[in-house]
Amino acid sequence: MALTKTELRFLTNLNKTEDGCWLWRGKERLGGYGTIWVERKNLKVQRYSWMIHFEPIAVTTLIASTCGNQMCVNPDHLYIWKRKKSERNQETTKQ
Ligand SMILES: [Zn+2]
């Protein structure tokens, strides 16, 4: 599968550290988070990484990293941050 331009830009802007973190070194930043411009939207790089490695996620879904580094986009370090009530309500309406 060929990579899109954005995927390529994403993957070539990572700094892989000895700790196993993939740190975003792109210039795009917003509020301490790395961001990437995708289809006319500014996405947090952690969300973007999740989407290209795993699956699309809802706008309300939050992605956090186990290593605590906001710039880390290693899919192995990312997890879905479960919110309480509001999130559950949305899941039930979908079914
Ligand atoms: Zn990490």
# chains A, B, ... in the order shown; residues from 1 in each chain; ligands from 1

call {"tool": "closest_atom_pairs", "arguments": {"of": "chain A", "to": "ligand 1", "cutoff": "9 Å", "atoms": "only C-alpha atoms and all ligand atoms", "output": "tab-separated table"}}
result
residue	atom	partner	partner_atom_place_in_ligand_line	distance
A:Thr17	CA	ligand 1	1 (Zn)	8.6
A:Asp19	CA	ligand 1	1 (Zn)	7.2
A:Gly20	CA	ligand 1	1 (Zn)	6.2
A:Cys21	CA	ligand 1	1 (Zn)	3.6
A:Trp22	CA	ligand 1	1 (Zn)	6.1
A:Leu23	CA	ligand 1	1 (Zn)	7.4
A:Ser65	CA	ligand 1	1 (Zn)	6.5
A:Thr66	CA	ligand 1	1 (Zn)	6.7
A:Cys67	CA	ligand 1	1 (Zn)	4.6
A:Gly68	CA	ligand 1	1 (Zn)	6.9
A:Asn69	CA	ligand 1	1 (Zn)	5.9
A:Gln70	CA	ligand 1	1 (Zn)	8.4
A:Met71	CA	ligand 1	1 (Zn)	8.0
A:Cys72	CA	ligand 1	1 (Zn)	4.7
A:Val73	CA	ligand 1	1 (Zn)	6.7
A:Asn74	CA	ligand 1	1 (Zn)	5.8
A:Pro75	CA	ligand 1	1 (Zn)	8.6
A:Asp76	CA	ligand 1	1 (Zn)	7.9
A:His77	CA	ligand 1	1 (Zn)	5.1
A:Leu78	CA	ligand 1	1 (Zn)	7.7

call {"tool": "residues_around", "arguments": {"residues": "Val45 (chain A)", "least_positions_apart": "2", "cutoff": "8 Å", "atoms": "only C-alpha atoms", "output": "JSON, numbers by chain"}}
result
{"A": [24, 33, 34, 35, 36, 43, 47, 48, 49, 71, 73]}

call {"tool": "write_last_selection", "arguments": {"atoms": "C-alpha atoms", "output": "short mmCIF file (atom, residue, chain, number, x, y, z; two decimals), in the first residue's frame"}}
result
data_model
loop_
_atom_site.label_atom_id
_atom_site.label_comp_id
_atom_site.auth_asym_id
_atom_site.auth_seq_id
_atom_site.Cartn_x
_atom_site.Cartn_y
_atom_site.Cartn_z
CA TRP A 24 7.20 14.36 16.61
CA TYR A 33 0.86 19.11 21.44
CA GLY A 34 2.29 18.29 18.08
CA THR A 35 -0.20 18.73 15.27
CA ILE A 36 -0.33 17.86 11.63
CA LEU A 43 -5.01 17.07 13.96
CA ARG A 47 -4.65 11.06 17.06
CA TYR A 48 -3.23 10.92 13.59
CA SER A 49 -0.81 8.17 14.57
CA MET A 71 5.00 14.57 21.52
CA VAL A 73 3.31 9.09 18.71
#

call {"tool": "select_by_dssp", "arguments": {"residues": "chain A", "states": "strand (DSSP E or B)", "output": "list in words"}}
result
Leu14, Asn15, Lys16, Trp22, Leu23, Trp24, Arg29, Leu30, Tyr33, Gly34, Thr35, Ile36, Trp37, Val38, Lys41, Asn42, Leu43, Lys44, Leu62, Ile63, Ala64, Ser65, Cys72, Leu78, Tyr79, Ile80 and Trp81 of chain A

call {"tool": "closest_residue", "arguments": {"among": "A:Glu7, A:Trp81, A:Ala2, A:Leu62", "to": "Trp37 (chain A)", "atoms": "only C-alpha atoms"}}
result
A:Glu7

call {"tool": "atom_distance", "arguments": {"atom1": "CA of Arg40 (chain A)", "atom2": "CA of Thr4 (chain A)"}}
result
14.8 Å

call {"tool": "atom_distance", "arguments": {"atom1": "CA of Glu28 (chain A)", "atom2": "CA of Lys41 (chain A)"}}
result
12.1 Å

call {"tool": "atom_distance", "arguments": {"atom1": "CA of Thr12 (chain A)", "atom2": "CA of Arg29 (chain A)"}}
result
16.5 Å

call {"tool": "select_by_dssp", "arguments": {"residues": "chain A", "states": "alpha helix (DSSP H)", "output": "ChimeraX atom specification"}}
result
/A:5-11,45-53,85-94
